[in-house]
>>> print(open('run_14.cif').read())   # mmCIF, C-alpha atoms and all ligand atoms
data_start
#
loop_
_atom_site.group_PDB
_atom_site.id
_atom_site.type_symbol
_atom_site.label_atom_id
_atom_site.label_comp_id
_atom_site.auth_asym_id
_atom_site.auth_seq_id
_atom_site.Cartn_x
_atom_site.Cartn_y
_atom_site.Cartn_z
ATOM 1 C CA MET A 1 21.720 -0.389 22.338
ATOM 2 C CA THR A 2 21.076 0.316 18.684
ATOM 3 C CA ARG A 3 17.665 -0.962 17.651
ATOM 4 C CA ARG A 4 17.881 -2.664 14.274
ATOM 5 C CA VAL A 5 15.164 -3.218 11.687
ATOM 6 C CA CYS A 6 15.427 -4.361 8.068
ATOM 7 C CA ILE A 7 13.394 -4.748 4.903
ATOM 8 C CA ILE A 8 13.451 -8.285 3.542
ATOM 9 C CA GLY A 9 12.839 -8.762 -0.167
ATOM 10 C CA HIS A 10 14.292 -10.242 -3.330
ATOM 11 C CA PRO A 11 15.340 -8.039 -5.037
ATOM 12 C CA VAL A 12 15.295 -5.238 -2.495
ATOM 13 C CA ALA A 13 17.842 -2.705 -3.765
ATOM 14 C CA HIS A 14 15.079 -0.460 -5.160
ATOM 15 C CA SER A 15 13.277 -0.112 -1.822
ATOM 16 C CA ARG A 16 12.827 3.432 -0.522
ATOM 17 C CA SER A 17 12.029 2.228 3.001
ATOM 18 C CA PRO A 18 15.590 2.741 4.330
ATOM 19 C CA LEU A 19 15.464 6.378 3.168
ATOM 20 C CA LEU A 20 12.068 6.881 4.769
ATOM 21 C CA HIS A 21 12.812 5.280 8.137
ATOM 22 C CA GLY A 22 16.322 6.748 8.164
ATOM 23 C CA TYR A 23 14.773 10.221 7.883
ATOM 24 C CA TRP A 24 12.506 9.601 10.874
ATOM 25 C CA LEU A 25 15.316 8.064 12.960
ATOM 26 C CA LYS A 26 17.394 11.160 12.346
ATOM 27 C CA THR A 27 14.485 13.522 13.026
ATOM 28 C CA PHE A 28 13.790 11.936 16.412
ATOM 29 C CA GLY A 29 17.480 11.365 17.215
ATOM 30 C CA ILE A 30 16.757 7.673 17.850
ATOM 31 C CA ASP A 31 19.645 5.214 18.078
ATOM 32 C CA GLY A 32 18.325 2.916 15.360
ATOM 33 C CA LEU A 33 19.306 1.382 12.055
ATOM 34 C CA TYR A 34 17.116 0.347 9.114
ATOM 35 C CA THR A 35 18.829 -1.765 6.455
ATOM 36 C CA ARG A 36 18.097 -3.964 3.423
ATOM 37 C CA GLU A 37 18.287 -7.766 3.405
ATOM 38 C CA ASP A 38 18.165 -9.472 0.009
ATOM 39 C CA ILE A 39 16.944 -12.977 0.856
ATOM 40 C CA THR A 40 15.862 -15.647 -1.639
ATOM 41 C CA PRO A 41 12.560 -17.510 -1.196
ATOM 42 C CA ASP A 42 14.521 -20.651 -0.227
ATOM 43 C CA ASP A 43 16.341 -18.835 2.555
ATOM 44 C CA PHE A 44 13.400 -16.748 3.729
ATOM 45 C CA PRO A 45 11.822 -19.140 6.298
ATOM 46 C CA GLY A 46 15.133 -19.705 8.069
ATOM 47 C CA PHE A 47 16.038 -16.017 7.946
ATOM 48 C CA LEU A 48 12.713 -14.999 9.476
ATOM 49 C CA ARG A 49 12.978 -17.529 12.302
ATOM 50 C CA GLU A 50 16.488 -16.297 13.099
ATOM 51 C CA LEU A 51 15.633 -12.609 12.804
ATOM 52 C CA GLU A 52 15.957 -11.843 16.502
ATOM 53 C CA ARG A 53 19.160 -13.832 16.868
ATOM 54 C CA ALA A 54 20.544 -11.822 13.964
ATOM 55 C CA GLY A 55 19.957 -8.692 16.066
ATOM 56 C CA TYR A 56 16.726 -7.399 14.561
ATOM 57 C CA SER A 57 13.695 -6.312 16.563
ATOM 58 C CA GLY A 58 11.450 -6.111 13.532
ATOM 59 C CA ALA A 59 11.222 -5.993 9.758
ATOM 60 C CA ASN A 60 9.282 -4.990 6.723
ATOM 61 C CA ILE A 61 8.570 -7.788 4.293
ATOM 62 C CA THR A 62 8.188 -7.155 0.607
ATOM 63 C CA VAL A 63 7.956 -8.987 -2.713
ATOM 64 C CA PRO A 64 8.087 -11.985 -3.054
ATOM 65 C CA HIS A 65 7.776 -12.948 0.643
ATOM 66 C CA LYS A 66 4.600 -11.197 1.834
ATOM 67 C CA GLU A 67 2.300 -14.196 1.385
ATOM 68 C CA ALA A 68 4.813 -16.792 2.627
ATOM 69 C CA ALA A 69 5.321 -14.821 5.847
ATOM 70 C CA LEU A 70 1.713 -15.452 6.822
ATOM 71 C CA SER A 71 2.322 -19.068 7.741
ATOM 72 C CA LEU A 72 5.824 -18.555 9.153
ATOM 73 C CA ILE A 73 5.231 -16.095 11.976
ATOM 74 C CA ASP A 74 3.761 -16.715 15.423
ATOM 75 C CA GLU A 75 0.837 -14.264 15.450
ATOM 76 C CA VAL A 76 -0.935 -12.711 12.482
ATOM 77 C CA ASP A 77 -3.501 -9.969 13.056
ATOM 78 C CA ASP A 78 -6.948 -9.846 11.418
ATOM 79 C CA THR A 79 -5.938 -7.299 8.794
ATOM 80 C CA ALA A 80 -2.996 -9.321 7.519
ATOM 81 C CA ARG A 81 -5.092 -12.466 7.537
ATOM 82 C CA ALA A 82 -7.912 -10.855 5.554
ATOM 83 C CA ILE A 83 -5.458 -9.538 2.975
ATOM 84 C CA GLY A 84 -3.424 -12.726 2.897
ATOM 85 C CA ALA A 85 -0.103 -10.897 3.226
ATOM 86 C CA VAL A 86 2.202 -9.618 5.976
ATOM 87 C CA ASN A 87 4.356 -6.532 5.372
ATOM 88 C CA THR A 88 5.399 -5.578 8.910
ATOM 89 C CA VAL A 89 6.690 -7.749 11.751
ATOM 90 C CA CYS A 90 7.711 -6.909 15.278
ATOM 91 C CA ILE A 91 9.459 -9.242 17.749
ATOM 92 C CA ARG A 92 8.756 -9.014 21.479
ATOM 93 C CA ASP A 93 9.874 -11.630 24.004
ATOM 94 C CA GLY A 94 10.769 -14.008 21.197
ATOM 95 C CA VAL A 95 7.289 -13.845 19.621
ATOM 96 C CA ILE A 96 7.072 -12.678 15.989
ATOM 97 C CA ARG A 97 3.872 -10.701 15.339
ATOM 98 C CA GLY A 98 2.786 -9.636 11.871
ATOM 99 C CA THR A 99 0.408 -7.125 10.386
ATOM 100 C CA ASN A 100 -0.287 -5.453 7.072
ATOM 101 C CA THR A 101 -0.016 -1.666 7.059
ATOM 102 C CA ASP A 102 -1.104 -1.128 3.440
ATOM 103 C CA VAL A 103 -4.712 -0.682 4.549
ATOM 104 C CA TYR A 104 -3.683 1.982 7.057
ATOM 105 C CA GLY A 105 -1.490 3.640 4.414
ATOM 106 C CA PHE A 106 -4.246 3.706 1.829
ATOM 107 C CA LEU A 107 -6.792 5.235 4.216
ATOM 108 C CA ALA A 108 -4.419 7.679 5.941
ATOM 109 C CA ASN A 109 -3.256 8.965 2.560
ATOM 110 C CA LEU A 110 -6.829 9.736 1.509
ATOM 111 C CA ASP A 111 -7.610 11.283 4.905
ATOM 112 C CA ALA A 112 -4.624 13.595 4.505
ATOM 113 C CA GLY A 113 -5.017 14.340 0.797
ATOM 114 C CA ALA A 114 -8.788 14.579 0.418
ATOM 115 C CA PRO A 115 -10.436 15.234 3.793
ATOM 116 C CA GLY A 116 -14.050 14.052 3.851
ATOM 117 C CA TRP A 117 -13.433 11.605 0.982
ATOM 118 C CA ASP A 118 -15.408 8.906 2.806
ATOM 119 C CA GLY A 119 -18.477 11.057 3.411
ATOM 120 C CA GLY A 120 -21.410 11.114 0.986
ATOM 121 C CA ARG A 121 -22.498 8.147 -1.087
ATOM 122 C CA LYS A 122 -19.707 5.713 -0.279
ATOM 123 C CA VAL A 123 -19.654 4.023 -3.663
ATOM 124 C CA ALA A 124 -16.221 3.042 -4.986
ATOM 125 C CA VAL A 125 -14.966 1.815 -8.325
ATOM 126 C CA VAL A 126 -11.732 -0.137 -7.810
ATOM 127 C CA LEU A 127 -9.580 -1.138 -10.784
ATOM 128 C CA GLY A 128 -7.536 -4.310 -10.339
ATOM 129 C CA ALA A 129 -7.881 -7.529 -8.356
ATOM 130 C CA GLY A 130 -4.369 -8.269 -7.074
ATOM 131 C CA GLY A 131 -2.941 -7.969 -3.570
ATOM 132 C CA ALA A 132 -3.112 -4.183 -3.628
ATOM 133 C CA SER A 133 -6.837 -4.253 -4.479
ATOM 134 C CA ARG A 134 -7.465 -6.619 -1.614
ATOM 135 C CA ALA A 135 -5.998 -4.078 0.834
ATOM 136 C CA VAL A 136 -8.031 -1.276 -0.769
ATOM 137 C CA VAL A 137 -11.280 -3.253 -0.578
ATOM 138 C CA PHE A 138 -10.681 -4.243 3.045
ATOM 139 C CA GLY A 139 -10.025 -0.611 3.950
ATOM 140 C CA LEU A 140 -13.107 0.686 2.147
ATOM 141 C CA ILE A 141 -15.364 -1.865 3.830
ATOM 142 C CA GLY A 142 -13.976 -0.713 7.175
ATOM 143 C CA ARG A 143 -14.926 2.878 6.307
ATOM 144 C CA GLY A 144 -18.514 1.861 5.561
ATOM 145 C CA PHE A 145 -18.446 1.788 1.768
ATOM 146 C CA ASN A 146 -21.586 -0.145 0.891
ATOM 147 C CA LYS A 147 -20.982 -0.626 -2.805
ATOM 148 C CA ILE A 148 -17.612 -1.463 -4.311
ATOM 149 C CA ILE A 149 -17.455 -2.148 -8.024
ATOM 150 C CA LEU A 150 -14.400 -4.196 -8.817
ATOM 151 C CA SER A 151 -13.226 -4.148 -12.399
ATOM 152 C CA ASN A 152 -10.325 -6.224 -13.624
ATOM 153 C CA ARG A 153 -8.914 -7.266 -16.983
ATOM 154 C CA THR A 154 -9.260 -10.889 -15.858
ATOM 155 C CA LEU A 155 -12.859 -10.918 -14.634
ATOM 156 C CA SER A 156 -12.517 -14.240 -12.803
ATOM 157 C CA ARG A 157 -9.919 -12.701 -10.465
ATOM 158 C CA ALA A 158 -12.378 -9.922 -9.559
ATOM 159 C CA GLN A 159 -15.046 -12.549 -8.943
ATOM 160 C CA VAL A 160 -12.761 -14.454 -6.576
ATOM 161 C CA LEU A 161 -12.095 -11.276 -4.605
ATOM 162 C CA CYS A 162 -15.842 -10.542 -4.434
ATOM 163 C CA ALA A 163 -16.486 -14.066 -3.163
ATOM 164 C CA ASP A 164 -13.905 -13.536 -0.395
ATOM 165 C CA PHE A 165 -15.930 -10.557 0.860
ATOM 166 C CA THR A 166 -19.436 -11.943 0.365
ATOM 167 C CA GLY A 167 -22.247 -9.796 1.746
ATOM 168 C CA LYS A 168 -20.117 -6.639 1.771
ATOM 169 C CA GLY A 169 -21.541 -5.019 -1.355
ATOM 170 C CA LEU A 170 -18.834 -6.046 -3.802
ATOM 171 C CA VAL A 171 -19.734 -6.379 -7.467
ATOM 172 C CA ALA A 172 -17.417 -7.679 -10.196
ATOM 173 C CA ALA A 173 -17.634 -5.720 -13.451
ATOM 174 C CA ALA A 174 -16.198 -6.527 -16.860
ATOM 175 C CA TRP A 175 -13.251 -4.314 -17.830
ATOM 176 C CA SER A 176 -14.995 -3.348 -21.079
ATOM 177 C CA ARG A 177 -18.021 -2.003 -19.185
ATOM 178 C CA LEU A 178 -16.112 0.077 -16.700
ATOM 179 C CA SER A 179 -17.418 3.445 -17.895
ATOM 180 C CA GLU A 180 -21.018 2.386 -17.186
ATOM 181 C CA HIS A 181 -20.224 2.266 -13.484
ATOM 182 C CA LEU A 182 -18.350 5.533 -13.084
ATOM 183 C CA GLY A 183 -21.521 7.669 -12.838
ATOM 184 C CA ALA A 184 -22.319 6.242 -9.390
ATOM 185 C CA ALA A 185 -18.813 6.528 -7.954
ATOM 186 C CA SER A 186 -17.780 8.788 -5.086
ATOM 187 C CA LEU A 187 -14.269 7.286 -5.245
ATOM 188 C CA LEU A 188 -12.199 5.859 -8.100
ATOM 189 C CA VAL A 189 -9.074 3.852 -7.261
ATOM 190 C CA ASN A 190 -6.466 2.531 -9.678
ATOM 191 C CA ALA A 191 -4.907 -0.535 -8.046
ATOM 192 C CA THR A 192 -3.549 -1.974 -11.303
ATOM 193 C CA SER A 193 -0.025 -1.393 -12.537
ATOM 194 C CA LEU A 194 -1.332 0.458 -15.594
ATOM 195 C CA GLY A 195 0.027 3.973 -15.958
ATOM 196 C CA MET A 196 3.304 3.093 -14.255
ATOM 197 C CA THR A 197 6.490 4.134 -16.040
ATOM 198 C CA GLY A 198 7.218 1.418 -18.599
ATOM 199 C CA LYS A 199 3.704 -0.093 -18.466
ATOM 200 C CA PRO A 200 0.780 0.562 -20.823
ATOM 201 C CA THR A 201 -1.391 3.572 -20.033
ATOM 202 C CA LEU A 202 -4.743 3.184 -18.345
ATOM 203 C CA GLU A 203 -7.348 3.900 -21.010
ATOM 204 C CA ILE A 204 -10.421 5.200 -19.237
ATOM 205 C CA ASP A 205 -13.106 7.718 -20.172
ATOM 206 C CA LEU A 206 -13.915 9.830 -17.131
ATOM 207 C CA ALA A 207 -16.818 11.694 -18.805
ATOM 208 C CA THR A 208 -19.479 10.217 -16.524
ATOM 209 C CA LEU A 209 -17.507 10.498 -13.271
ATOM 210 C CA PRO A 210 -19.297 12.906 -10.878
ATOM 211 C CA PRO A 211 -17.311 16.115 -10.239
ATOM 212 C CA GLU A 212 -17.276 15.500 -6.477
ATOM 213 C CA ALA A 213 -15.701 12.034 -6.837
ATOM 214 C CA VAL A 214 -12.175 11.627 -5.462
ATOM 215 C CA VAL A 215 -9.630 9.867 -7.686
ATOM 216 C CA THR A 216 -6.570 8.071 -6.316
ATOM 217 C CA ASP A 217 -3.837 6.030 -7.960
ATOM 218 C CA LEU A 218 -1.604 3.517 -6.182
ATOM 219 C CA VAL A 219 0.992 4.032 -8.905
ATOM 220 C CA TYR A 220 3.533 6.685 -7.822
ATOM 221 C CA ALA A 221 6.020 6.601 -10.687
ATOM 222 C CA PRO A 222 5.200 8.927 -12.362
ATOM 223 C CA LEU A 223 3.910 10.940 -9.431
ATOM 224 C CA GLU A 224 1.037 12.336 -11.418
ATOM 225 C CA THR A 225 -0.257 9.549 -13.617
ATOM 226 C CA GLU A 226 -2.300 10.182 -16.727
ATOM 227 C CA LEU A 227 -5.409 9.185 -14.742
ATOM 228 C CA LEU A 228 -4.698 11.753 -12.023
ATOM 229 C CA ARG A 229 -3.872 14.456 -14.557
ATOM 230 C CA GLU A 230 -7.131 13.953 -16.442
ATOM 231 C CA ALA A 231 -9.124 13.835 -13.219
ATOM 232 C CA ARG A 232 -7.475 17.012 -11.927
ATOM 233 C CA GLN A 233 -8.071 18.812 -15.208
ATOM 234 C CA ARG A 234 -11.779 18.078 -15.042
ATOM 235 C CA GLY A 235 -11.974 19.316 -11.453
ATOM 236 C CA ASN A 236 -11.974 16.104 -9.406
ATOM 237 C CA ARG A 237 -9.928 15.976 -6.204
ATOM 238 C CA THR A 238 -6.922 13.689 -6.665
ATOM 239 C CA VAL A 239 -4.541 11.892 -4.304
ATOM 240 C CA ASP A 240 -1.290 10.359 -5.567
ATOM 241 C CA GLY A 241 0.219 7.023 -4.571
ATOM 242 C CA LEU A 242 3.424 8.304 -2.983
ATOM 243 C CA GLY A 243 1.437 9.286 0.095
ATOM 244 C CA MET A 244 0.340 5.677 0.572
ATOM 245 C CA LEU A 245 3.978 4.548 0.542
ATOM 246 C CA LEU A 246 4.816 7.166 3.181
ATOM 247 C CA HIS A 247 1.801 6.557 5.410
ATOM 248 C CA GLN A 248 2.051 2.748 5.353
ATOM 249 C CA ALA A 249 5.458 3.094 7.022
ATOM 250 C CA VAL A 250 4.081 4.960 10.056
ATOM 251 C CA PRO A 251 2.685 2.022 12.115
ATOM 252 C CA GLY A 252 5.863 -0.024 11.652
ATOM 253 C CA PHE A 253 8.114 2.789 12.822
ATOM 254 C CA GLU A 254 5.870 3.386 15.825
ATOM 255 C CA GLN A 255 5.959 -0.319 16.815
ATOM 256 C CA TRP A 256 9.720 -0.677 16.461
ATOM 257 C CA PHE A 257 10.941 2.665 17.780
ATOM 258 C CA GLY A 258 8.111 3.850 20.060
ATOM 259 C CA ARG A 259 7.404 7.212 18.405
ATOM 260 C CA LYS A 260 4.645 8.009 15.908
ATOM 261 C CA PRO A 261 6.303 9.796 12.985
ATOM 262 C CA ASP A 262 4.721 12.482 10.797
ATOM 263 C CA VAL A 263 4.426 12.425 7.047
ATOM 264 C CA THR A 264 5.782 15.899 6.387
ATOM 265 C CA PRO A 265 6.207 17.911 3.157
ATOM 266 C CA GLU A 266 9.965 17.681 3.777
ATOM 267 C CA LEU A 267 9.877 13.864 3.825
ATOM 268 C CA ARG A 268 7.760 13.847 0.714
ATOM 269 C CA ALA A 269 10.226 16.141 -1.034
ATOM 270 C CA LEU A 270 13.069 13.793 -0.064
ATOM 271 C CA LEU A 271 11.300 10.834 -1.660
ATOM 272 C CA VAL A 272 10.330 12.823 -4.750
ATOM 273 C CA ALA A 273 13.965 13.883 -5.215
ATOM 274 C CA ASP A 274 15.061 10.254 -4.888
ATOM 275 C CA LEU A 275 12.406 8.978 -7.297
ATOM 276 C CA THR A 276 13.170 11.570 -9.934
ATOM 277 C CA GLY A 277 16.929 11.716 -9.313
ATOM 278 C CA GLY A 278 19.082 11.564 -12.419
ATOM 279 C CA ARG A 279 16.136 12.129 -14.728
HETATM 280 P P1 LIG A 301 -0.498 -6.281 -6.873
HETATM 281 O O1 LIG A 301 -0.272 -7.313 -5.808
HETATM 282 O O2 LIG A 301 0.405 -5.096 -6.801
HETATM 283 O O3 LIG A 301 -1.930 -5.867 -6.950
HETATM 284 P P2 LIG A 301 -0.735 -8.113 -9.149
HETATM 285 O O4 LIG A 301 -1.326 -9.166 -8.311
HETATM 286 O O5 LIG A 301 0.292 -8.472 -10.148
HETATM 287 O O6 LIG A 301 -0.040 -6.981 -8.242
HETATM 288 O O7 LIG A 301 -1.916 -7.314 -9.855
HETATM 289 C C1 LIG A 301 -1.718 -6.366 -10.852
HETATM 290 C C2 LIG A 301 -3.065 -5.833 -11.319
HETATM 291 O O8 LIG A 301 -2.856 -5.016 -12.484
HETATM 292 C C3 LIG A 301 -4.032 -6.929 -11.734
HETATM 293 O O9 LIG A 301 -5.346 -6.500 -11.422
HETATM 294 C C4 LIG A 301 -3.814 -7.004 -13.248
HETATM 295 O O10 LIG A 301 -4.893 -7.536 -13.981
HETATM 296 P P3 LIG A 301 -5.018 -9.118 -14.240
HETATM 297 O O11 LIG A 301 -5.558 -9.724 -12.979
HETATM 298 O O12 LIG A 301 -5.939 -9.243 -15.388
HETATM 299 O O13 LIG A 301 -3.609 -9.597 -14.550
HETATM 300 C C5 LIG A 301 -3.618 -5.544 -13.575
HETATM 301 N N1 LIG A 301 -2.933 -5.368 -14.861
HETATM 302 C C6 LIG A 301 -1.621 -5.535 -15.109
HETATM 303 N N2 LIG A 301 -1.353 -5.285 -16.411
HETATM 304 C C7 LIG A 301 -2.537 -4.980 -17.003
HETATM 305 C C8 LIG A 301 -2.917 -4.613 -18.337
HETATM 306 N N3 LIG A 301 -2.019 -4.531 -19.342
HETATM 307 N N4 LIG A 301 -4.234 -4.343 -18.571
HETATM 308 C C9 LIG A 301 -5.150 -4.411 -17.556
HETATM 309 N N5 LIG A 301 -4.832 -4.740 -16.294
HETATM 310 C C10 LIG A 301 -3.560 -5.018 -16.010
#
>>> encode(input="run_14.cif", output="structure tokens")
Amino acid sequence: MTRRVCIIGHPVAHSRSPLLHGYWLKTFGIDGLYTREDITPDDFPGFLRELERAGYSGANITVPHKEAALSLIDEVDDTARAIGAVNTVCIRDGVIRGTNTDVYGFLANLDAGAPGWDGGRKVAVVLGAGGASRAVVFGLIGRGFNKIILSNRTLSRAQVLCADFTGKGLVAAAWSRLSEHLGAASLLVNATSLGMTGKPTLEIDLATLPPEAVVTDLVYAPLETELLREARQRGNRTVDGLGMLLHQAVPGFEQWFGRKPDVTPELRALLVADLTGGR
């Protein structure tokens, strides 16, 4: 029987997940289908409860439903609870279980793109204090980072995030004083939307960033952001955000279809072609 999975969002037409999972289904020759479901916030609770009856054995959940899903599913794992958002659900024996694979995606992308990135001093500067930053911070704590400087335009939001991880070495820093903290960093992460096509650029002076620091951007359109270009030009190792999108899909596919897929150069090329298509 065809195993069916969907991505639930509103809007959801832009999602690349069907392309990604469709590639893996074809590669493995699995009898599966991965489709889009555009569901409004009003309809979301009912849709989720009826997911199995509608023929689905799992789903990805995206904007704006990721936080709402937390209280609607039967079992939420520790990662999803800590981040406050569910992006992957799997149904077994009528029980809906949820997790958040962004943490896995963030870490696996760095492992693949900058091996050894979490060795050395383990001091990170993280820009942003939204949901994406929360996943980044949770992942870095898990890898033993003992100092994480969190800088956000709205300082109070960074302070709230620090308070949620008390005792884990988080420090909130004013946006205007960002450059003062870069000298200690072994990792710099952009988890804001700055630098994305159509958004303002991220104005940051990298002069004090140590040459061995790794720089990563969660923004993947454009693929090489201004931040990554500058960092590369001054000799820092860089890792782009497309890899996180690809890697975060791995645990979901494995849960639903029983095979662990690879993030291959061919898959990456497929996504790049889709992202840059028509331009
Ligand atoms: P996500 O869940 O993807 O992290 P979000 O919660 O909307 O999305 O967070 C976006 C991040 O980008 C926030 O850290 C936001 O800063 P504020 O908390 O001050 O809003 C940051 N951001 C967006 N536009 C920005 C801008 N023009 N300058 C600085 N930071 C910006």
>>> closest_residue(input="run_14.cif", among="A:Gly195, A:Ala129, A:Leu270, A:Ala221", to="ligand LIG 301 (chain A)", atoms="all atoms listed in the file")
A:Ala129
>>> residues_around(input="run_14.cif", residues="stretch 201-211 of chain A", least_positions_apart="5", cutoff="7 Å", atoms="only C-alpha atoms", output="ChimeraX atom specification")
/A:179,182-183,185,194-195,235-236
>>> write_last_selection(input="run_14.cif", atoms="C-alpha atoms", output="tab-separated table (two decimals), keeping the file's coordinate frame")
chain	number	residue	atom	x	y	z
A	179	SER	CA	-17.42	3.44	-17.90
A	182	LEU	CA	-18.35	5.53	-13.08
A	183	GLY	CA	-21.52	7.67	-12.84
A	185	ALA	CA	-18.81	6.53	-7.95
A	194	LEU	CA	-1.33	0.46	-15.59
A	195	GLY	CA	0.03	3.97	-15.96
A	235	GLY	CA	-11.97	19.32	-11.45
A	236	ASN	CA	-11.97	16.10	-9.41
>>> residues_around(input="run_14.cif", residues="A:Trp24", least_positions_apart="3", cutoff="9 Å", atoms="only C-alpha atoms", output="mmCIF file with C-alpha atoms, keeping the file's coordinate frame")
data_model
loop_
_atom_site.group_PDB
_atom_site.id
_atom_site.type_symbol
_atom_site.label_atom_id
_atom_site.label_comp_id
_atom_site.auth_asym_id
_atom_site.auth_seq_id
_atom_site.Cartn_x
_atom_site.Cartn_y
_atom_site.Cartn_z
ATOM 1 C CA LEU A 19 15.464 6.378 3.168
ATOM 2 C CA LEU A 20 12.068 6.881 4.769
ATOM 3 C CA HIS A 21 12.812 5.280 8.137
ATOM 4 C CA THR A 27 14.485 13.522 13.026
ATOM 5 C CA PHE A 28 13.790 11.936 16.412
ATOM 6 C CA GLY A 29 17.480 11.365 17.215
ATOM 7 C CA ILE A 30 16.757 7.673 17.850
ATOM 8 C CA PHE A 253 8.114 2.789 12.822
ATOM 9 C CA PRO A 261 6.303 9.796 12.985
ATOM 10 C CA ASP A 262 4.721 12.482 10.797
ATOM 11 C CA LEU A 267 9.877 13.864 3.825
#
>>> atom_distance(input="run_14.cif", atom1="atom CA of A:Asn146", atom2="atom CA of A:Leu188")
14.3 Å
>>> residues_near_ligand(input="run_14.cif", ligand="ligand LIG 301 (chain A)", cutoff="9 Å", atoms="only C-alpha atoms and all ligand atoms", output="list of chain:residue names")
A:Val63, A:Leu127, A:Gly128, A:Ala129, A:Gly130, A:Gly131, A:Ala132, A:Ser133, A:Arg134, A:Ala135, A:Ser151, A:Asn152, A:Arg153, A:Thr154, A:Leu155, A:Ser156, A:Arg157, A:Ala158, A:Trp175, A:Asn190, A:Ala191, A:Thr192, A:Ser193, A:Leu194, A:Lys199, A:Pro200, A:Thr201, A:Leu202, A:Leu218
>>> residues_around(input="run_14.cif", residues="A:Val214", least_positions_apart="2", cutoff="6 Å", atoms="only C-alpha atoms", output="PyMOL selection string")
chain A and resi 187+236-238
